[in-house]
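Heads up, work-v4.tsv below (TSV, C-alpha atoms):
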```tsv
chain	number	residue	atom	x	y	z
L	16	MET	CA	0.61	29.06	53.69
L	17	GLU	CA	2.78	31.81	55.02
L	18	THR	CA	5.90	29.71	55.49
L	19	ALA	CA	6.03	29.26	51.74
L	20	THR	CA	6.47	32.98	51.24
L	21	ILE	CA	9.07	33.60	53.91
L	22	MET	CA	12.26	32.01	52.73
L	23	GLN	CA	12.31	29.38	50.04
L	24	ARG	CA	15.70	28.01	49.29
L	25	ALA	CA	16.91	25.26	47.04
L	26	TYR	CA	18.18	22.17	48.77
L	27	GLU	CA	19.36	18.76	47.83
L	28	LEU	CA	18.57	15.95	50.17
L	29	MET	CA	20.42	12.73	49.61
L	30	PHE	CA	19.81	9.69	51.72
L	31	ILE	CA	20.80	6.06	51.78
L	32	VAL	CA	18.19	3.37	52.27
L	33	ARG	CA	19.22	-0.01	53.63
L	34	PRO	CA	20.08	-2.44	50.83
L	35	ASP	CA	17.74	-5.26	51.83
L	36	LEU	CA	14.65	-3.11	51.33
L	37	LEU	CA	12.54	-4.12	48.33
L	38	GLU	CA	12.01	-1.85	45.38
L	39	GLU	CA	8.33	-1.20	46.12
L	40	ASP	CA	9.08	-0.48	49.77
L	41	VAL	CA	11.63	2.11	48.68
L	42	ASP	CA	9.00	3.67	46.47
L	43	LYS	CA	6.58	3.66	49.37
L	44	LEU	CA	9.15	5.30	51.62
L	45	ILE	CA	9.85	7.97	49.03
L	46	ALA	CA	6.13	8.65	48.66
L	47	THR	CA	5.62	9.06	52.41
L	48	LEU	CA	8.65	11.31	52.70
L	49	GLN	CA	7.36	13.41	49.85
L	50	GLY	CA	4.07	13.69	51.71
L	51	HIS	CA	5.88	14.81	54.84
L	52	ALA	CA	7.84	17.33	52.82
L	53	THR	CA	4.79	18.92	51.25
L	54	ASN	CA	3.05	18.96	54.63
L	55	ALA	CA	6.01	20.82	56.10
L	56	GLY	CA	5.73	23.44	53.37
L	57	ALA	CA	8.42	22.22	51.02
L	58	VAL	CA	8.04	21.84	47.28
L	59	VAL	CA	9.64	18.69	45.97
L	60	GLN	CA	10.97	19.42	42.52
L	61	ASN	CA	12.50	16.13	41.63
L	62	THR	CA	13.24	12.76	43.12
L	63	GLU	CA	15.82	10.46	41.73
L	64	LYS	CA	16.68	6.94	42.66
L	65	MET	CA	20.37	6.63	42.06
L	66	GLY	CA	20.35	2.90	42.52
L	67	LYS	CA	22.36	0.53	44.62
L	68	ARG	CA	25.94	1.35	45.31
L	69	ARG	CA	28.76	0.02	47.38
L	70	LEU	CA	29.36	2.28	50.37
L	71	ALA	CA	32.84	3.64	50.87
L	72	TYR	CA	32.69	2.50	54.48
L	73	ASP	CA	30.31	0.46	56.59
L	74	VAL	CA	27.21	2.27	57.80
L	75	LYS	CA	25.24	0.46	60.47
L	76	LYS	CA	26.99	-2.73	59.39
L	77	PHE	CA	25.76	-2.40	55.83
L	78	GLN	CA	28.18	-2.47	52.95
L	79	ASP	CA	25.76	-1.41	50.24
L	80	GLY	CA	23.01	1.10	50.10
L	81	GLN	CA	20.34	2.47	47.81
L	82	TYR	CA	20.84	6.13	47.14
L	83	VAL	CA	17.91	8.48	46.73
L	84	LEU	CA	18.14	12.15	45.87
L	85	PHE	CA	15.49	14.80	46.51
L	86	THR	CA	15.70	18.23	44.97
L	87	LEU	CA	13.42	20.61	46.80
L	88	ASN	CA	12.57	24.17	47.60
L	89	ALA	CA	11.94	24.71	51.27
L	90	ASP	CA	12.63	26.91	54.24
L	91	GLY	CA	14.81	25.98	57.17
L	92	LYS	CA	11.95	24.75	59.32
L	93	ALA	CA	10.73	22.31	56.69
L	94	ILE	CA	14.25	20.96	56.27
L	95	HIS	CA	14.58	20.58	59.99
L	96	GLU	CA	11.35	18.62	60.11
L	97	LEU	CA	12.37	16.42	57.19
L	98	GLU	CA	15.72	15.68	58.78
L	99	ARG	CA	13.97	14.67	61.96
L	100	ARG	CA	11.79	12.29	59.98
L	101	LEU	CA	14.82	10.80	58.27
L	102	ARG	CA	16.55	10.32	61.59
L	103	VAL	CA	13.56	8.46	62.94
L	104	ALA	CA	12.98	6.30	59.85
L	105	GLU	CA	14.91	3.13	60.44
L	106	GLN	CA	15.14	2.22	56.76
L	107	VAL	CA	17.25	5.32	56.19
L	108	ILE	CA	20.80	4.71	57.30
L	109	LYS	CA	22.40	7.99	56.32
L	110	PHE	CA	21.42	11.34	54.86
L	111	ILE	CA	22.87	14.69	53.92
L	112	THR	CA	21.24	18.01	53.11
L	113	VAL	CA	23.03	20.48	50.90
L	114	ARG	CA	21.90	23.98	50.11
L	115	THR	CA	22.32	24.54	46.40
L	116	ASP	CA	20.87	27.96	45.58
L	117	GLU	CA	24.01	29.97	46.28
L	118	GLU	CA	26.12	27.57	44.28
L	119	GLU	CA	23.61	27.76	41.44
L	120	GLN	CA	23.82	31.54	41.45
L	121	ARG	CA	27.58	31.41	41.31
L	122	LEU	CA	27.51	28.97	38.41
L	123	GLU	CA	25.02	31.14	36.60
L	124	LYS	CA	27.37	34.08	36.94
L	125	VAL	CA	30.36	32.11	35.72
L	126	ARG	CA	28.39	30.86	32.75
L	127	LYS	CA	27.30	34.34	31.84
L	128	ILE	CA	30.82	35.68	32.00
L	129	ARG	CA	32.05	32.79	29.93
L	130	ALA	CA	29.36	33.29	27.32
L	131	SER	CA	30.19	36.98	26.98
L	132	HIS	CA	33.91	36.27	26.68
L	133	THR	CA	33.72	33.63	24.02
L	134	LYS	CA	32.24	34.73	20.74
L	135	ARG	CA	31.32	31.21	19.70
L	136	ALA	CA	28.50	31.43	22.19
L	137	PRO	CA	26.07	28.91	20.64
L	138	VAL	CA	28.44	26.01	21.22
L	139	GLU	CA	29.80	26.91	24.63
L	140	PRO	CA	26.64	27.08	26.79
L	141	ALA	CA	25.44	23.76	25.43
L	142	VAL	CA	28.62	22.09	26.64
L	143	ALA	CA	28.40	23.72	30.03
L	144	GLU	CA	24.77	22.67	30.35
L	145	SER	CA	25.46	19.05	29.61
L	146	GLU	CA	28.33	18.87	32.06
L	147	THR	CA	26.60	20.25	35.10
L	148	PRO	CA	24.02	17.55	35.80
L	149	ALA	CA	26.72	14.90	35.68
L	150	VAL	CA	25.75	12.90	38.71
L	151	GLY	CA	28.29	10.34	39.89
L	152	ALA	CA	27.00	7.77	37.43
F	7	MET	CA	28.04	1.50	39.96
F	8	THR	CA	30.33	-1.19	41.23
F	9	ASP	CA	32.93	-0.44	38.61
F	10	GLU	CA	33.85	2.64	40.55
F	11	VAL	CA	35.20	0.51	43.30
F	12	LYS	CA	37.46	-1.30	40.88
F	13	HIS	CA	38.29	2.02	39.43
F	14	GLU	CA	39.91	3.02	42.67
F	15	GLY	CA	42.90	0.78	42.13
F	16	SER	CA	43.86	2.52	38.94
F	17	ALA	CA	43.22	5.98	40.31
F	18	PRO	CA	46.84	7.02	40.94
F	19	SER	CA	47.87	6.47	37.34
F	20	GLN	CA	45.27	8.82	35.98
F	21	ARG	CA	45.97	11.58	38.41
F	22	PRO	CA	46.98	14.59	36.36
F	23	GLN	CA	50.62	14.83	35.42
F	24	GLY	CA	52.07	12.24	37.77
F	25	ARG	CA	52.09	12.82	41.46
F	26	PRO	CA	55.66	12.91	42.78
F	27	ASP	CA	56.23	16.09	40.85
F	28	ARG	CA	56.96	19.29	42.59
F	29	PRO	CA	56.11	22.70	41.23
F	30	GLU	CA	58.70	24.36	39.06
F	31	ARG	CA	59.94	26.53	41.85
F	32	GLY	CA	60.63	23.31	43.72
F	33	ASP	CA	64.34	24.13	43.79
F	34	ARG	CA	63.77	26.56	46.60
F	35	PRO	CA	65.79	25.64	49.67
F	36	ASP	CA	62.68	24.48	51.47
F	37	ARG	CA	63.69	20.86	51.34
F	38	GLY	CA	65.49	20.97	54.64
F	39	PRO	CA	69.20	20.52	55.26
F	40	GLY	CA	69.76	18.15	52.37
F	41	GLY	CA	68.43	20.68	49.90
F	42	ARG	CA	71.65	21.20	47.98
F	43	GLU	CA	71.89	17.87	46.22
F	44	GLY	CA	68.13	17.67	46.01
F	45	GLY	CA	67.96	20.45	43.44
F	46	ARG	CA	66.39	19.27	40.24
F	47	LYS	CA	68.33	19.91	37.08
F	48	PHE	CA	65.86	18.58	34.55
F	49	PHE	CA	62.88	20.49	33.33
F	50	ARG	CA	59.47	19.83	34.77
F	51	ARG	CA	56.51	20.76	32.67
F	52	LYS	CA	54.28	23.20	34.39
F	53	LYS	CA	51.17	21.67	35.88
F	54	VAL	CA	47.87	23.30	35.14
F	55	CYS	CA	44.59	23.21	36.94
F	56	LYS	CA	42.36	20.51	35.47
F	57	PHE	CA	39.24	22.48	36.31
F	58	CYS	CA	40.48	25.63	34.60
F	59	VAL	CA	41.64	23.81	31.48
F	60	GLU	CA	38.55	21.67	31.03
F	61	LYS	CA	36.29	24.50	32.20
F	62	ILE	CA	34.63	22.43	34.88
F	63	ASP	CA	32.72	24.99	36.93
F	64	ASP	CA	30.66	22.71	39.04
F	65	ILE	CA	32.63	20.55	41.45
F	66	ASN	CA	29.82	18.43	42.73
F	67	TYR	CA	30.01	16.01	45.63
F	68	LYS	CA	27.99	13.46	43.64
F	69	ASP	CA	30.54	13.24	40.87
F	70	VAL	CA	32.61	10.46	42.38
F	71	ARG	CA	34.59	9.78	39.22
F	72	LEU	CA	35.89	13.31	39.20
F	73	LEU	CA	36.64	13.53	42.91
F	74	GLN	CA	38.40	10.18	42.96
F	75	GLN	CA	41.18	11.57	40.82
F	76	PHE	CA	42.09	13.90	43.65
F	77	VAL	CA	41.99	11.39	46.44
F	78	ALA	CA	44.98	9.22	47.26
F	79	GLU	CA	44.68	5.47	47.71
F	80	ARG	CA	44.23	5.79	51.42
F	81	GLY	CA	41.46	8.30	50.97
F	82	LYS	CA	43.46	11.43	51.63
F	83	ILE	CA	42.93	14.59	49.64
F	84	VAL	CA	45.93	15.08	47.36
F	85	PRO	CA	47.61	18.45	47.97
F	86	ARG	CA	47.58	21.17	45.39
F	87	ARG	CA	51.32	21.08	44.86
F	88	LEU	CA	51.03	17.53	43.52
F	89	THR	CA	47.98	17.93	41.34
F	90	GLY	CA	48.42	21.49	40.13
F	91	VAL	CA	44.88	22.53	40.94
F	92	CYS	CA	44.53	26.26	41.51
F	93	THR	CA	43.57	27.62	44.92
F	94	PRO	CA	39.91	28.53	44.27
F	95	HIS	CA	39.25	25.14	42.71
F	96	GLN	CA	41.09	23.25	45.40
F	97	ARG	CA	38.89	24.96	47.96
F	98	ARG	CA	35.73	23.81	46.20
F	99	LEU	CA	37.21	20.39	45.59
F	100	THR	CA	38.00	19.97	49.27
F	101	SER	CA	34.49	20.77	50.39
F	102	ALA	CA	33.05	18.50	47.70
F	103	ILE	CA	35.25	15.61	48.84
F	104	LYS	CA	34.26	16.18	52.44
F	105	ARG	CA	30.60	16.12	51.53
F	106	ALA	CA	31.06	12.96	49.53
F	107	ARG	CA	32.75	11.38	52.53
F	108	ASN	CA	29.79	12.24	54.72
F	109	ILE	CA	27.38	10.36	52.52
F	110	ALA	CA	29.69	7.36	52.08
F	111	LEU	CA	30.55	8.05	48.47
F	112	LEU	CA	34.21	8.40	49.36
F	113	PRO	CA	36.08	6.84	52.26
F	114	PHE	CA	37.39	8.79	55.22
F	115	ALA	CA	40.22	6.31	55.42
F	116	ALA	CA	40.62	3.27	53.23
F	117	ARG	CA	41.70	0.06	54.96
```
Can you turn what I pasted into structure tokens?
Amino acid sequence: METATIMQRAYELMFIVRPDLLEEDVDKLIATLQGHATNAGAVVQNTEKMGKRRLAYDVKKFQDGQYVLFTLNADGKAIHELERRLRVAEQVIKFITVRTDEEEQRLEKVRKIRASHTKRAPVEPAVAESETPAVGA
Amino acid sequence: MTDEVKHEGSAPSQRPQGRPDRPERGDRPDRGPGGREGGRKFFRRKKVCKFCVEKIDDINYKDVRLLQQFVAERGKIVPRRLTGVCTPHQRRLTSAIKRARNIALLPFAAR
């Protein structure tokens, strides 16, 4: 597939599924979306169900939502296609795509600088590692 | 998950170093005409950037607990002069808060 070689970037795709959807239906939805993603030329690295959460404001008259997070490598076209799918899917009430590769690079750099500055290197990177994946609980 | 909503009520108290503070150079005559008697005589401890001190590199939009400390009760982003966050970190913080708002993790305006 030539799209896979052109421009693969790291993205995070977070979306909110309506709260009244059953657990297995959410799983089904995730599976179909993953299928769409791979068909579009994206590589899904990780999917995470972040559980039910109260929304900060009403979205489509819902007060709660089930958050799902995709971490994927894809090019712009694949993301565009996925976003279109999400827009069409009526179980999905809100979504956001964030490009993470540049931020990752920056963090990598900061970590490297920090490791070279502090001589107690074995302790420091471990702390930095454990702090970064701190998802909003 | 739901405890974060309750958390919101107590958010102002845990904002770093109390919010009505001004920076140390707050005795500049930028307080308008009434600036003369407004000059502070007592010492204010210098505020430091939370992200620099605790070495938090990654200001992530998913980390609601962290972001909530820098959002006022009504959902506004608290200015740098009140929290002591340094400019580069405030910039990242702002974009993180705005992202979190977009995905309904933080309110645009509360009540």
Self-check item: Gap from CA of Ala110 (chain F) to CA of Tyr67 (chain F) - Å, one decimal
Solution: 10.8 Å
Exercise. Between L:Ala93, L:Ile45, L:Met29, L:Leu87, single out the one closest to chain F, counting all atoms listed in the file.
Key: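 The shortest atom-to-atom distance to chain F comes from L:Met29.
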If we count only C-alpha atoms and set the cut-off at 10 Å, which residues sit around Gln60 (chain L), ignoring sequence neighbours fewer than 4 positions away in its own chain? Please answer as an mmCIF file with C-alpha atoms, in the coordinates of the input.
```cif
data_model
loop_
_atom_site.group_PDB
_atom_site.id
_atom_site.type_symbol
_atom_site.label_atom_id
_atom_site.label_comp_id
_atom_site.auth_asym_id
_atom_site.auth_seq_id
_atom_site.Cartn_x
_atom_site.Cartn_y
_atom_site.Cartn_z
ATOM 1 C CA ALA L 25 16.910 25.260 47.040
ATOM 2 C CA TYR L 26 18.180 22.170 48.770
ATOM 3 C CA GLU L 27 19.360 18.760 47.830
ATOM 4 C CA PHE L 85 15.490 14.800 46.510
ATOM 5 C CA THR L 86 15.700 18.230 44.970
ATOM 6 C CA LEU L 87 13.420 20.610 46.800
ATOM 7 C CA ASN L 88 12.570 24.170 47.600
#
```
Quiz item: Do you know which residues are at most 12 Å from Asn54 (chain L) counting all atoms listed in the file, after dropping those on the same chain fewer than 2 positions away, and could you put them as a ChimeraX atom specification?
Solution: /L:16,18-19,47-52,56-59,89,92-94,96-97
Exercise. Grab the CA of Cys92 (chain F) to CA of Val125 (chain L) distance for me, in Å with one decimal place.
Key: 16.4 Å
For chain F versus chain L, which residues have an atom no more than 6 Å away, and what is each residue's nearest atom pair and distance in Å rounded to one decimal, using all atoms listed in the file, chain-then-number order, as a Markdown table?
```
| residue | atom | partner | partner_atom | distance |
| --- | --- | --- | --- | --- |
| F:Met7 | CA | L:Arg68 | CA | 5.7 |
| F:Lys68 | CA | L:Gly151 | CA | 4.9 |
| F:Asp69 | CA | L:Gly151 | CA | 3.8 |
| F:Val70 | CA | L:Gly151 | CA | 5.0 |
| F:Ala110 | CA | L:Ala71 | CA | 5.0 |
| F:Leu111 | CA | L:Ala71 | CA | 5.5 |
| F:Leu112 | CA | L:Ala71 | CA | 5.2 |
| F:Pro113 | CA | L:Ala71 | CA | 4.8 |
```
Quiz prompt | Atom-to-atom span, CA of Lys56 (chain F) and CA of Val83 (chain L), Å | solution =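 For CA of Lys56 (chain F) relative to CA of Val83 (chain L), the distance reads 29.5 Å.
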Quiz item: Need the neighbours of (32.0, 23.3, 43.4): which residues are at most 8 Å away, counting all atoms listed in the file, as a list in words?
Solution: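 Returned residue set, sorted by chain then number, is Glu118 of chain L; Asp63, Asp64, Ile65, Asn66, Tyr67, His95, Arg98, Leu99, Ser101 and Ala102 of chain F.
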